[in-house]
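Colleague: The following file, final27.cif, comprises mmCIF, C-alpha atoms:
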data_final
loop_
_atom_site.label_atom_id
_atom_site.label_comp_id
_atom_site.auth_asym_id
_atom_site.auth_seq_id
_atom_site.Cartn_x
_atom_site.Cartn_y
_atom_site.Cartn_z
CA MET A 1 -10.64 -29.42 44.39
CA ASP A 2 -9.36 -26.29 46.02
CA ALA A 3 -7.24 -26.97 49.11
CA ALA A 4 -8.66 -23.97 50.99
CA TRP A 5 -12.24 -25.12 50.32
CA LEU A 6 -11.53 -28.55 51.80
CA ALA A 7 -9.55 -27.13 54.74
CA GLU A 8 -12.51 -24.93 55.76
CA ARG A 9 -14.64 -28.05 56.27
CA ILE A 10 -12.11 -29.92 58.42
CA GLY A 11 -12.64 -29.14 62.10
CA GLU A 12 -10.08 -31.59 63.49
CA PRO A 13 -6.83 -31.40 61.48
CA SER A 14 -5.67 -34.90 62.40
CA ALA A 15 -5.31 -37.82 59.99
CA ARG A 16 -8.55 -39.30 61.28
CA GLY A 17 -10.33 -35.94 61.15
CA ILE A 18 -9.28 -35.33 57.54
CA ALA A 19 -10.30 -38.84 56.47
CA THR A 20 -13.66 -38.58 58.28
CA VAL A 21 -14.63 -35.26 56.67
CA LEU A 22 -13.65 -36.37 53.19
CA THR A 23 -15.48 -39.67 53.65
CA ASP A 24 -18.67 -37.77 54.60
CA LEU A 25 -18.31 -35.46 51.59
CA ILE A 26 -17.92 -38.45 49.25
CA ARG A 27 -20.84 -40.33 50.82
CA GLN A 28 -23.11 -37.27 50.52
CA GLY A 29 -22.19 -36.78 46.87
CA THR A 30 -20.71 -33.33 47.52
CA VAL A 31 -17.42 -34.71 46.24
CA THR A 32 -18.01 -36.96 43.24
CA ALA A 33 -16.00 -39.63 41.46
CA ASP A 34 -13.10 -38.40 39.31
CA THR A 35 -12.64 -35.29 41.45
CA ARG A 36 -8.94 -34.57 41.75
CA LEU A 37 -7.93 -33.86 45.34
CA PRO A 38 -5.42 -31.18 46.33
CA THR A 39 -1.82 -32.25 46.76
CA VAL A 40 -0.64 -33.45 50.14
CA ARG A 41 1.57 -30.39 50.53
CA ALA A 42 -1.16 -27.93 49.55
CA LEU A 43 -3.69 -29.30 52.05
CA ALA A 44 -1.04 -29.61 54.79
CA ARG A 45 -0.13 -25.96 54.27
CA GLU A 46 -3.77 -24.84 54.56
CA LEU A 47 -4.32 -26.94 57.71
CA ARG A 48 -0.90 -26.08 59.18
CA VAL A 49 -0.06 -29.71 59.77
CA SER A 50 2.73 -31.95 58.52
CA SER A 51 2.57 -33.58 55.11
CA GLY A 52 2.74 -36.92 56.93
CA THR A 53 -0.62 -36.23 58.61
CA VAL A 54 -2.35 -35.69 55.27
CA ALA A 55 -0.53 -38.66 53.72
CA GLU A 56 -1.80 -40.88 56.54
CA ALA A 57 -5.37 -39.72 55.87
CA TRP A 58 -4.93 -40.45 52.17
CA SER A 59 -3.65 -43.96 53.03
CA GLU A 60 -6.77 -44.63 55.09
CA LEU A 61 -9.05 -43.49 52.25
CA ARG A 62 -7.06 -45.55 49.77
CA ARG A 63 -7.37 -48.63 51.96
CA HIS A 64 -11.17 -48.35 51.78
CA GLY A 65 -11.21 -47.92 48.02
CA MET A 66 -12.29 -44.27 48.00
CA ILE A 67 -9.29 -42.71 46.26
CA ARG A 68 -6.50 -43.68 43.91
CA THR A 69 -3.16 -42.03 43.24
CA ASP A 70 -1.36 -42.14 39.93
CA ARG A 71 1.54 -40.07 38.70
CA ARG A 72 -0.16 -38.20 35.89
CA ARG A 73 -3.54 -37.40 37.42
CA GLY A 74 -2.57 -37.08 41.05
CA THR A 75 -5.01 -38.32 43.71
CA VAL A 76 -8.51 -38.94 42.35
CA VAL A 77 -11.79 -39.84 44.07
CA LEU A 78 -13.18 -43.26 43.14
CA GLY A 79 -16.44 -43.19 45.11
CA PRO A 80 -17.96 -44.07 48.51
CA PRO A 81 -16.15 -46.54 50.78
CA ASP A 82 -16.27 -50.14 49.68
CA VAL A 83 -15.62 -53.44 51.41
CA PRO A 84 -11.89 -54.22 51.11
CA ARG A 85 -11.48 -56.60 48.21
CA PRO A 86 -8.84 -59.32 47.71
CA ILE A 87 -7.80 -57.76 44.41
CA ARG A 88 -4.92 -60.14 43.71
CA TYR A 89 -6.91 -63.24 44.55
CA GLU A 90 -9.94 -62.36 42.44
CA ARG A 91 -9.75 -63.71 38.95
CA ILE A 92 -8.74 -61.24 36.24
CA GLY A 93 -10.67 -61.16 33.00
CA HIS A 94 -13.65 -63.13 31.71
CA PHE A 95 -13.23 -65.48 28.81
CA GLY A 96 -16.74 -66.91 28.69
CA ASP A 97 -17.02 -70.50 27.50
CA ARG A 98 -13.81 -70.33 25.47
CA LEU A 99 -11.61 -71.79 28.21
CA ALA A 100 -11.24 -75.56 28.18
CA ILE A 101 -8.25 -75.94 30.54
CA ASP A 102 -8.10 -74.05 33.84
CA LEU A 103 -4.54 -73.71 35.13
CA ALA A 104 -5.31 -70.61 37.19
CA ILE A 105 -6.79 -72.16 40.33
CA ALA A 106 -4.68 -74.63 42.32
CA SER A 107 -7.60 -76.76 43.48
CA PRO A 108 -7.38 -80.49 44.25
CA ASP A 109 -8.60 -83.15 41.86
CA PRO A 110 -12.01 -84.29 43.22
CA ALA A 111 -11.24 -87.85 42.06
CA LEU A 112 -8.26 -87.95 44.45
CA LEU A 113 -10.07 -86.76 47.59
CA PRO A 114 -11.12 -89.32 50.20
CA PRO A 115 -14.90 -89.99 50.36
CA LEU A 116 -16.62 -88.17 53.21
CA GLU A 117 -19.75 -90.27 53.77
CA SER A 118 -18.46 -92.57 56.50
CA ALA A 119 -16.43 -89.78 58.09
CA LEU A 120 -19.45 -87.50 58.39
CA ALA A 121 -21.60 -90.34 59.71
CA ALA A 122 -19.01 -91.10 62.38
CA ALA A 123 -18.64 -87.41 63.23
CA ALA A 124 -22.39 -86.99 63.71
CA ARG A 125 -21.95 -89.06 66.87
CA THR A 126 -19.35 -86.64 68.21
CA ASP A 127 -19.27 -85.92 71.93
CA ARG A 128 -21.19 -82.82 73.06
CA LEU A 129 -22.98 -82.42 69.74
CA ASN A 130 -24.92 -79.11 69.59
CA ASP A 131 -23.36 -77.96 72.85
CA TYR A 132 -22.73 -74.19 72.89
CA THR A 133 -19.51 -74.66 74.84
CA ARG A 134 -16.71 -73.28 72.71
CA GLU A 135 -14.17 -75.97 71.99
CA THR A 136 -10.89 -74.87 70.40
CA ILE A 137 -10.14 -78.37 69.12
CA THR A 138 -11.96 -81.63 69.78
CA PRO A 139 -10.11 -84.34 71.72
CA ARG A 140 -10.36 -86.72 68.75
CA LEU A 141 -8.84 -84.23 66.31
CA ARG A 142 -6.03 -83.23 68.65
CA ALA A 143 -5.19 -86.90 69.21
CA ALA A 144 -5.09 -87.37 65.43
CA VAL A 145 -2.83 -84.41 64.56
CA GLU A 146 -0.53 -84.13 67.58
CA PRO A 147 1.67 -87.21 66.91
CA ASP A 148 2.71 -85.83 63.49
CA TRP A 149 3.21 -82.22 64.61
CA PRO A 150 6.86 -81.25 64.07
CA PHE A 151 7.27 -79.75 67.54
CA ALA A 152 5.55 -79.72 70.92
CA ALA A 153 2.77 -77.16 70.48
CA GLN A 154 1.73 -75.21 73.55
CA GLY A 155 -1.67 -74.21 72.15
CA TRP A 156 -4.12 -75.74 69.69
CA LEU A 157 -6.96 -74.36 67.60
CA ALA A 158 -9.06 -75.59 64.67
CA VAL A 159 -9.94 -72.81 62.22
CA GLY A 160 -11.82 -72.47 58.95
CA GLY A 161 -8.94 -73.03 56.54
CA GLY A 162 -5.28 -72.17 56.27
CA TYR A 163 -5.69 -68.57 55.18
CA GLU A 164 -8.04 -67.85 58.05
CA GLY A 165 -5.37 -69.10 60.43
CA VAL A 166 -2.65 -66.98 58.83
CA GLN A 167 -4.91 -63.92 58.67
CA LEU A 168 -5.88 -64.14 62.34
CA LEU A 169 -2.27 -64.63 63.43
CA CYS A 170 -1.14 -61.57 61.46
CA GLN A 171 -4.13 -59.54 62.60
CA THR A 172 -3.48 -60.28 66.27
CA ALA A 173 0.29 -59.80 66.01
CA ALA A 174 0.37 -56.49 64.15
CA LEU A 175 -1.15 -53.04 64.41
CA PRO A 176 -1.67 -50.87 61.31
CA GLY A 177 1.73 -49.55 60.32
CA ASP A 178 3.67 -52.44 61.86
CA ARG A 179 5.99 -54.46 59.64
CA ILE A 180 5.63 -58.10 58.63
CA ALA A 181 8.33 -59.93 56.65
CA ILE A 182 7.23 -62.42 54.00
CA GLU A 183 8.71 -64.42 51.15
CA GLU A 184 8.60 -62.90 47.70
CA PRO A 185 7.07 -64.15 45.48
CA THR A 186 4.39 -65.40 47.85
CA ALA A 187 0.71 -66.36 47.93
CA ALA A 188 -1.54 -63.71 46.38
CA ARG A 189 -4.08 -64.03 49.19
CA LEU A 190 -1.40 -63.35 51.80
CA LEU A 191 -0.53 -60.06 50.11
CA ASP A 192 -4.23 -59.12 50.04
CA ILE A 193 -4.56 -59.99 53.73
CA LEU A 194 -1.57 -57.93 54.81
CA GLU A 195 -2.62 -54.91 52.77
CA THR A 196 -6.11 -55.05 54.29
CA ILE A 197 -4.65 -55.19 57.81
CA GLY A 198 -2.62 -52.10 56.93
CA VAL A 199 0.87 -53.37 57.71
CA GLN A 200 4.10 -52.59 55.92
CA ILE A 201 5.22 -55.61 53.92
CA ILE A 202 8.94 -56.40 54.01
CA PRO A 203 9.86 -58.76 51.14
CA VAL A 204 12.38 -61.58 51.57
CA ALA A 205 13.84 -62.98 48.36
CA CYS A 206 14.05 -66.79 47.94
CA ASP A 207 15.80 -69.52 46.01
CA GLU A 208 15.19 -73.26 45.62
CA ASP A 209 15.83 -73.83 49.36
CA GLY A 210 13.55 -71.10 50.65
CA PRO A 211 14.14 -67.59 52.04
CA LEU A 212 17.67 -66.32 51.46
CA PRO A 213 19.59 -65.63 54.69
CA GLY A 214 20.94 -62.31 53.41
CA ALA A 215 17.46 -61.16 52.44
CA LEU A 216 16.02 -62.16 55.82
CA ASP A 217 18.89 -60.40 57.59
CA ARG A 218 18.04 -57.15 55.77
CA ALA A 219 14.34 -57.58 56.52
CA LEU A 220 14.97 -58.13 60.24
CA ARG A 221 16.73 -54.78 60.45
CA ALA A 222 13.28 -53.21 59.95
CA ARG A 223 12.14 -54.96 63.18
CA PRO A 224 9.13 -56.86 61.80
CA VAL A 225 6.64 -58.14 64.37
CA ALA A 226 6.24 -61.36 62.39
CA PHE A 227 7.92 -63.44 59.69
CA VAL A 228 5.49 -65.48 57.58
CA TYR A 229 6.80 -68.18 55.25
CA GLN A 230 5.94 -71.54 53.70
CA PRO A 231 8.39 -74.25 54.78
CA ARG A 232 7.42 -76.62 51.93
CA GLY A 233 5.19 -76.80 48.88
CA GLN A 234 5.63 -73.05 48.50
CA SER A 235 3.16 -71.28 46.28
CA PRO A 236 3.95 -70.02 43.71
CA CYS A 237 7.59 -71.12 43.36
CA GLY A 238 7.50 -74.69 44.69
CA HIS A 239 10.55 -74.48 46.92
CA ALA A 240 11.04 -76.38 50.18
CA VAL A 241 13.22 -75.29 53.10
CA THR A 242 16.10 -77.66 53.83
CA PRO A 243 17.40 -78.36 57.36
CA GLU A 244 20.59 -76.45 56.53
CA ARG A 245 18.69 -73.38 55.31
CA SER A 246 16.35 -73.51 58.30
CA ALA A 247 19.35 -73.47 60.64
CA GLU A 248 20.76 -70.41 58.86
CA LEU A 249 17.46 -68.57 59.15
CA ALA A 250 17.04 -69.58 62.79
CA ALA A 251 20.46 -68.12 63.63
CA LEU A 252 19.30 -64.77 62.27
CA LEU A 253 15.98 -64.93 64.15
CA GLU A 254 17.63 -65.98 67.44
CA PRO A 255 18.31 -62.46 68.83
CA THR A 256 14.91 -61.08 67.77
CA ALA A 257 11.41 -61.25 69.28
CA THR A 258 9.79 -61.78 65.87
CA LEU A 259 6.79 -64.13 65.76
CA ILE A 260 7.41 -66.97 63.28
CA VAL A 261 4.35 -68.08 61.32
CA GLU A 262 4.75 -71.25 59.25
CA ASP A 263 2.11 -71.79 56.57
CA ASP A 264 1.93 -75.48 55.59
CA GLY A 265 -0.63 -74.97 52.84
CA ILE A 266 -0.72 -78.43 51.23
CA GLY A 267 0.23 -80.42 54.32
CA GLU A 268 0.23 -84.16 53.69
CA LEU A 269 0.38 -83.69 49.92
CA SER A 270 3.90 -82.30 50.15
CA VAL A 271 6.71 -84.58 48.98
CA SER A 272 9.23 -82.73 51.19
CA PRO A 273 9.81 -83.32 54.91
CA MET A 274 8.50 -80.64 57.22
CA VAL A 275 11.35 -78.60 58.73
CA SER A 276 9.97 -76.33 61.46
CA MET A 277 11.61 -73.61 63.52
CA GLY A 278 9.25 -74.59 66.31
CA THR A 279 11.81 -77.15 67.42
CA ARG A 280 14.12 -74.24 68.24
CA PHE A 281 11.64 -71.46 69.09
CA PRO A 282 8.53 -73.15 70.57
CA ASP A 283 7.59 -69.97 72.46
CA ARG A 284 7.21 -67.86 69.30
CA THR A 285 6.52 -70.25 66.42
CA VAL A 286 3.05 -71.13 65.17
CA LEU A 287 2.39 -73.67 62.44
CA VAL A 288 -0.80 -73.45 60.36
CA ARG A 289 -1.50 -76.74 58.57
CA SER A 290 -4.35 -76.92 56.08
CA TYR A 291 -6.25 -80.10 55.22
CA SER A 292 -8.41 -78.59 52.46
CA LYS A 293 -6.39 -79.84 49.48
CA SER A 294 -5.54 -83.22 51.00
CA HIS A 295 -8.85 -84.20 52.61
CA GLY A 296 -11.53 -81.92 51.18
CA PRO A 297 -12.18 -78.18 50.71
CA ASP A 298 -15.66 -78.50 52.23
CA LEU A 299 -14.21 -79.65 55.53
CA ARG A 300 -12.86 -76.06 55.88
CA ILE A 301 -10.30 -77.18 58.43
CA ALA A 302 -6.81 -76.04 59.31
CA ILE A 303 -5.00 -76.60 62.57
CA VAL A 304 -3.12 -73.81 64.32
CA GLY A 305 -0.58 -75.21 66.76
CA GLY A 306 2.31 -73.58 68.54
CA ALA A 307 3.17 -70.71 70.88
CA ALA A 308 0.53 -70.44 73.61
CA GLU A 309 0.22 -66.65 73.66
CA ALA A 310 -0.14 -66.30 69.87
CA VAL A 311 -2.73 -69.09 69.66
CA GLU A 312 -4.69 -67.63 72.57
CA ARG A 313 -4.88 -64.23 70.88
CA VAL A 314 -6.40 -65.90 67.83
CA ARG A 315 -8.92 -67.76 70.01
CA VAL A 316 -9.99 -64.51 71.65
CA LEU A 317 -10.44 -62.70 68.33
CA ARG A 318 -12.44 -65.61 66.94
CA SER A 319 -14.82 -65.39 69.89
CA PHE A 320 -16.29 -62.22 68.34
CA GLY A 321 -17.53 -64.28 65.39
CA THR A 322 -17.89 -68.03 64.87
CA GLY A 323 -16.30 -68.84 68.22
CA TRP A 324 -15.40 -72.40 67.28
CA THR A 325 -15.21 -74.72 64.30
CA SER A 326 -18.00 -77.29 63.92
CA ARG A 327 -17.32 -80.39 66.01
CA ILE A 328 -18.83 -82.46 63.21
CA LEU A 329 -16.25 -81.18 60.72
CA GLN A 330 -13.42 -81.54 63.22
CA ASP A 331 -14.25 -85.14 64.05
CA ALA A 332 -14.87 -85.95 60.36
CA LEU A 333 -11.27 -84.94 59.70
CA ALA A 334 -10.13 -86.91 62.76
CA HIS A 335 -11.88 -89.98 61.35
CA LEU A 336 -10.14 -89.59 57.98
CA LEU A 337 -6.73 -89.09 59.59
CA GLY A 338 -7.17 -92.37 61.48
CA ASP A 339 -8.69 -94.38 58.62
CA ALA A 340 -6.23 -96.66 56.79
CA ALA A 341 -8.04 -96.41 53.45
CA ALA A 342 -8.17 -92.62 53.62
CA ARG A 343 -4.47 -92.44 54.53
CA ALA A 344 -3.59 -94.64 51.57
CA GLY A 345 -5.74 -92.47 49.31
CA VAL A 346 -3.93 -89.31 50.40
CA GLU A 347 -0.59 -90.99 49.74
CA ARG A 348 -1.74 -91.93 46.22
CA ALA A 349 -2.92 -88.38 45.65
CA ARG A 350 0.46 -87.02 46.79
CA ASP A 351 2.31 -89.27 44.35
CA THR A 352 -0.11 -88.47 41.52
CA TYR A 353 0.19 -84.72 42.02
CA ALA A 354 3.98 -84.94 42.20
CA GLY A 355 4.03 -86.95 38.97
CA ARG A 356 1.80 -84.48 37.13
CA ARG A 357 3.90 -81.53 38.20
CA ALA A 358 7.15 -83.27 37.31
CA ARG A 359 5.93 -84.39 33.88
CA LEU A 360 4.83 -80.90 32.84
CA ALA A 361 8.08 -79.44 34.17
CA ALA A 362 10.03 -81.99 32.11
CA GLU A 363 8.01 -81.27 28.97
CA LEU A 364 8.60 -77.53 29.37
CA SER A 365 12.29 -78.06 30.08
CA ALA A 366 12.57 -80.05 26.84
CA ARG A 367 11.21 -76.96 25.09
CA GLY A 368 13.69 -74.62 26.75
CA VAL A 369 11.38 -73.33 29.49
CA ARG A 370 12.94 -73.86 32.93
CA THR A 371 10.54 -73.75 35.87
CA GLY A 372 12.49 -74.73 39.01
CA GLY A 373 11.01 -75.78 42.35
CA ARG A 374 10.56 -79.34 43.58
CA ASP A 375 7.32 -79.41 45.58
CA GLY A 376 3.75 -78.16 45.52
CA LEU A 377 0.76 -78.05 43.20
CA VAL A 378 1.94 -75.28 40.87
CA LEU A 379 4.74 -74.33 38.47
CA TRP A 380 6.35 -70.88 38.32
CA VAL A 381 6.94 -70.31 34.62
CA PRO A 382 9.16 -67.50 33.29
CA VAL A 383 7.69 -65.67 30.28
CA ARG A 384 8.86 -62.94 27.96
CA GLU A 385 5.86 -60.69 28.63
CA GLU A 386 3.01 -61.42 31.04
CA SER A 387 0.02 -59.93 29.18
CA ALA A 388 1.03 -61.41 25.84
CA ALA A 389 1.52 -64.85 27.43
CA LEU A 390 -1.93 -64.73 29.04
CA VAL A 391 -3.56 -63.71 25.76
CA THR A 392 -1.79 -66.51 23.88
CA LEU A 393 -2.99 -69.10 26.39
CA ALA A 394 -6.53 -67.71 26.38
CA ALA A 395 -6.61 -67.90 22.59
CA HIS A 396 -5.95 -71.63 22.97
CA GLY A 397 -8.63 -72.04 25.64
CA ILE A 398 -6.24 -72.07 28.61
CA SER A 399 -6.33 -69.87 31.70
CA ALA A 400 -3.35 -69.14 33.95
CA ALA A 401 -2.56 -66.83 36.84
CA PRO A 402 -0.42 -63.75 36.17
CA GLY A 403 2.80 -63.74 38.18
CA SER A 404 2.33 -60.07 39.08
CA ARG A 405 -0.32 -61.13 41.60
CA TYR A 406 2.33 -62.82 43.71
CA VAL A 407 4.77 -59.95 44.20
CA ILE A 408 4.55 -56.63 46.03
CA ASP A 409 5.68 -54.60 43.04
CA PRO A 410 5.73 -55.65 39.38
CA ALA A 411 8.64 -58.04 38.94
CA PRO A 412 11.39 -57.26 36.45
CA ALA A 413 11.26 -60.92 35.37
CA PRO A 414 7.63 -61.74 34.44
CA HIS A 415 6.15 -65.14 35.25
CA LEU A 416 2.91 -67.10 35.09
CA ARG A 417 1.71 -69.47 37.78
CA LEU A 418 0.29 -72.72 36.43
CA ALA A 419 -1.79 -75.05 38.60
CA THR A 420 -0.77 -78.67 38.05
CA ALA A 421 -3.02 -80.74 40.34
CA ARG A 422 -5.67 -81.41 37.68
CA LEU A 423 -3.43 -81.84 34.65
CA THR A 424 -4.18 -84.54 32.10
CA ASP A 425 -2.41 -87.88 32.52
CA ASP A 426 -2.46 -88.48 28.76
CA PRO A 427 1.11 -88.04 27.41
CA GLY A 428 -0.04 -86.79 24.01
CA GLU A 429 -2.39 -84.18 25.46
CA LEU A 430 0.27 -83.07 27.92
CA ALA A 431 2.78 -82.61 25.10
CA GLU A 432 0.29 -80.48 23.17
CA LEU A 433 -0.34 -78.39 26.30
CA ALA A 434 3.41 -77.92 26.79
CA ASP A 435 3.73 -76.73 23.19
CA VAL A 436 1.17 -73.99 23.82
CA ILE A 437 2.71 -72.96 27.14
CA ALA A 438 6.16 -72.77 25.52
CA LEU A 439 4.70 -70.63 22.75
CA ALA A 440 3.15 -68.31 25.33
CA ALA A 441 6.36 -68.16 27.36
CA THR A 442 8.81 -67.50 24.55
CA GLY A 443 6.73 -66.13 21.69
CA SER A 444 8.10 -68.89 19.46
CA ARG A 445 6.70 -72.28 18.51
CA LEU A 446 8.82 -74.88 20.27
CA SER A 447 8.42 -78.62 20.60
CA ALA A 448 10.36 -81.31 22.40
CA SER A 449 11.97 -82.30 19.11
CA THR A 450 13.28 -78.80 18.44
#
Hey, can you dump this file as structure tokens for me?
Modeller:
Amino acid sequence: MDAAWLAERIGEPSARGIATVLTDLIRQGTVTADTRLPTVRALARELRVSSGTVAEAWSELRRHGMIRTDRRRGTVVLGPPDVPRPIRYERIGHFGDRLAIDLAIASPDPALLPPLESALAAAARTDRLNDYTRETITPRLRAAVEPDWPFAAQGWLAVGGGYEGVQLLCQTAALPGDRIAIEEPTAARLLDILETIGVQIIPVACDEDGPLPGALDRALRARPVAFVYQPRGQSPCGHAVTPERSAELAALLEPTATLIVEDDGIGELSVSPMVSMGTRFPDRTVLVRSYSKSHGPDLRIAIVGGAAEAVERVRVLRSFGTGWTSRILQDALAHLLGDAAARAGVERARDTYAGRRARLAAELSARGVRTGGRDGLVLWVPVREESAALVTLAAHGISAAPGSRYVIDPAPAPHLRLATARLTDDPGELAELADVIALAATGSRLSAST
């Protein structure tokens, strides 16, 4: 595309004006897919604006899936605007009926979830059933979760799952272009969420005890509006923040105004104690605790509790849509949290999941594959080459998640993420599975005996 031709059609030479005109041209079919756009400098020169103005317009078009930039071809049109897609979270590849073992999705074992029949029956008698009054959290549910909350929350809200809570907190804390600091590697869905919001992601490297103080110190120099991390059961690496590490991180956060968002994704299934910065910063810490994996995905419940202002902003934004979470679902969870049999079942599930994870880690370690981490429902497995490892597993009927989904840029040390919650409890089958994973990771056939 000729830069002068495009410039003639742009009446308002602002980033929004450029993006609007090009969007209309693509929608109308005047500019078709595979058209190569002029360079940023060429169009800026024709419009007599800064290169930054054109680059901002390109970023907006890229965010809506209309263009793509690569080094060899430059910036190319993909097509009309599309709904933003969670590219990392969506499954890659289709293997038909060949796959027999799914290690890609970290879903709970249905056999270890508490039965819902009595809980739903009890919740159907909830107070103010079918009342249009918007209730942030029912009295029964607040009474059930508050005693175990790690700090005195100023505001409470029930939302439709952990990621909805994290998304709404980030969306209400940041404007496009703002910075948010996160762990790296981190949850694939969190990266998708932040890219859709349009923030700059500041990575914070981690070790077995959580975010590294030096890495957080460097990230805070960029003045992020929020720091999002998983205090325990971290996905994908399985680390858990210790009290000593939390104190180090808190000392760095002390002089800042950064909102602290704690994502407790597996909640009561974690084998590690919850260490929260809310005990030190109650005015700017919000904890999001999910109950999907512990009590049932169809409950679609997470609790947001913490700083009053941050929780209120989420409540206001939610009022544009659902407004409130079903009282039936809220009180069903409250019933389960207060039921002795359900509590015992969740404890058994926690121990079972921990055992499955530990046994696969031990089998892999015996084959020379070190995984690390001590908590969670996944293993972070180092491999020689990501694509080759995935192909090897698929050839044996096994799916896994590529580690590249969980980092901002491709990692120099490739990994796979393996879900462990639904692993076999048969020692022989587990050993055979470990043999295949070791083969995929190293490219060599290894067994525990070798």
Colleague: Counting all atoms listed in the file, which of A:Val369, A:Val225, A:Leu439, A:Ile328 gets nearest to Leu129 of chain A?
Modeller: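 Selected residue with least distance to Leu129 of chain A: A:Ile328.
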Colleague: Run the PyMOL selection byres ((chain A and resi 34) around 12) against the file shown and list the residues it catches, as a VMD selection string.
Modeller: chain A and resid 1 26 29 31 to 33 35 to 37 66 to 69 73 to 80
Colleague: Export C-alpha atoms of the chosen residues as a PDB file, in the frame of the given file?
Modeller:
ATOM      1  CA  MET A   1     -10.640 -29.420  44.390  1.00  0.00           C
ATOM      2  CA  ILE A  26     -17.920 -38.450  49.250  1.00  0.00           C
ATOM      3  CA  GLY A  29     -22.190 -36.780  46.870  1.00  0.00           C
ATOM      4  CA  VAL A  31     -17.420 -34.710  46.240  1.00  0.00           C
ATOM      5  CA  THR A  32     -18.010 -36.960  43.240  1.00  0.00           C
ATOM      6  CA  ALA A  33     -16.000 -39.630  41.460  1.00  0.00           C
ATOM      7  CA  THR A  35     -12.640 -35.290  41.450  1.00  0.00           C
ATOM      8  CA  ARG A  36      -8.940 -34.570  41.750  1.00  0.00           C
ATOM      9  CA  LEU A  37      -7.930 -33.860  45.340  1.00  0.00           C
ATOM     10  CA  MET A  66     -12.290 -44.270  48.000  1.00  0.00           C
ATOM     11  CA  ILE A  67      -9.290 -42.710  46.260  1.00  0.00           C
ATOM     12  CA  ARG A  68      -6.500 -43.680  43.910  1.00  0.00           C
ATOM     13  CA  THR A  69      -3.160 -42.030  43.240  1.00  0.00           C
ATOM     14  CA  ARG A  73      -3.540 -37.400  37.420  1.00  0.00           C
ATOM     15  CA  GLY A  74      -2.570 -37.080  41.050  1.00  0.00           C
ATOM     16  CA  THR A  75      -5.010 -38.320  43.710  1.00  0.00           C
ATOM     17  CA  VAL A  76      -8.510 -38.940  42.350  1.00  0.00           C
ATOM     18  CA  VAL A  77     -11.790 -39.840  44.070  1.00  0.00           C
ATOM     19  CA  LEU A  78     -13.180 -43.260  43.140  1.00  0.00           C
ATOM     20  CA  GLY A  79     -16.440 -43.190  45.110  1.00  0.00           C
ATOM     21  CA  PRO A  80     -17.960 -44.070  48.510  1.00  0.00           C
TER      22      PRO A  80
END
Colleague: Please evaluate the PyMOL selection byres ((chain A and resi 58) around 10) against the displayed coordinates and give the resulting residues as a ChimeraX atom specification.
Modeller: /A:15-16,18-19,22,37,40,52-57,59-63,66-69,75
Colleague: When you look at Gly214 of chain A with a cut-off of 12 Å (counting all atoms listed in the file), what residues show up, excluding the ones that are within fewer than 2 positions of it in the same chain? I need them as a PyMOL selection string.
Modeller: chain A and resi 203-207+210-212+216-221+245+248-249+251-252
Colleague: Using C-alpha atoms, can you write the selected residues to a file as a PDB file, in the frame of the given file?
Modeller:
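Written output follows (again-v2.pdb):
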ATOM      1  CA  PRO A 203       9.860 -58.760  51.140  1.00  0.00           C
ATOM      2  CA  VAL A 204      12.380 -61.580  51.570  1.00  0.00           C
ATOM      3  CA  ALA A 205      13.840 -62.980  48.360  1.00  0.00           C
ATOM      4  CA  CYS A 206      14.050 -66.790  47.940  1.00  0.00           C
ATOM      5  CA  ASP A 207      15.800 -69.520  46.010  1.00  0.00           C
ATOM      6  CA  GLY A 210      13.550 -71.100  50.650  1.00  0.00           C
ATOM      7  CA  PRO A 211      14.140 -67.590  52.040  1.00  0.00           C
ATOM      8  CA  LEU A 212      17.670 -66.320  51.460  1.00  0.00           C
ATOM      9  CA  LEU A 216      16.020 -62.160  55.820  1.00  0.00           C
ATOM     10  CA  ASP A 217      18.890 -60.400  57.590  1.00  0.00           C
ATOM     11  CA  ARG A 218      18.040 -57.150  55.770  1.00  0.00           C
ATOM     12  CA  ALA A 219      14.340 -57.580  56.520  1.00  0.00           C
ATOM     13  CA  LEU A 220      14.970 -58.130  60.240  1.00  0.00           C
ATOM     14  CA  ARG A 221      16.730 -54.780  60.450  1.00  0.00           C
ATOM     15  CA  ARG A 245      18.690 -73.380  55.310  1.00  0.00           C
ATOM     16  CA  GLU A 248      20.760 -70.410  58.860  1.00  0.00           C
ATOM     17  CA  LEU A 249      17.460 -68.570  59.150  1.00  0.00           C
ATOM     18  CA  ALA A 251      20.460 -68.120  63.630  1.00  0.00           C
ATOM     19  CA  LEU A 252      19.300 -64.770  62.270  1.00  0.00           C
TER      20      LEU A 252
END
Colleague: Taking all listed atoms of segment 359-373 of chain A, build the axis-aligned box, pad each of the six sides by 4 Å, then write its centre and edge lengths in Å to one decimal as JSON.
Modeller:
{"center_x": 9.3, "center_y": -78.9, "center_z": 33.7, "size_x": 16.9, "size_y": 19.1, "size_z": 25.3}
Colleague: Smallest atom-to-atom distance to Pro402 of chain A: which of A:Pro382, A:Pro86, A:Gly155, A:Pro255, using all atoms listed in the file?
Modeller: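 Going through A:Pro382, A:Pro86, A:Gly155, A:Pro255 one by one, the smallest distance to Pro402 of chain A is for A:Pro382.
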Colleague: Near Leu47 of chain A, counting all atoms listed in the file, which residues have an atom at most 10 Å away, once you skip same-chain residues fewer than 2 positions from it, shown as a VMD selection string?
Modeller: chain A and resid 3 to 4 6 to 8 10 to 14 18 41 to 45 49 to 51 54
Colleague: Expand the PyMOL selection byres ((chain A and resi 325) around 6) into the individual residues it matches in the shown file, reporting them as a ChimeraX atom specification.
Modeller: /A:159,324,326
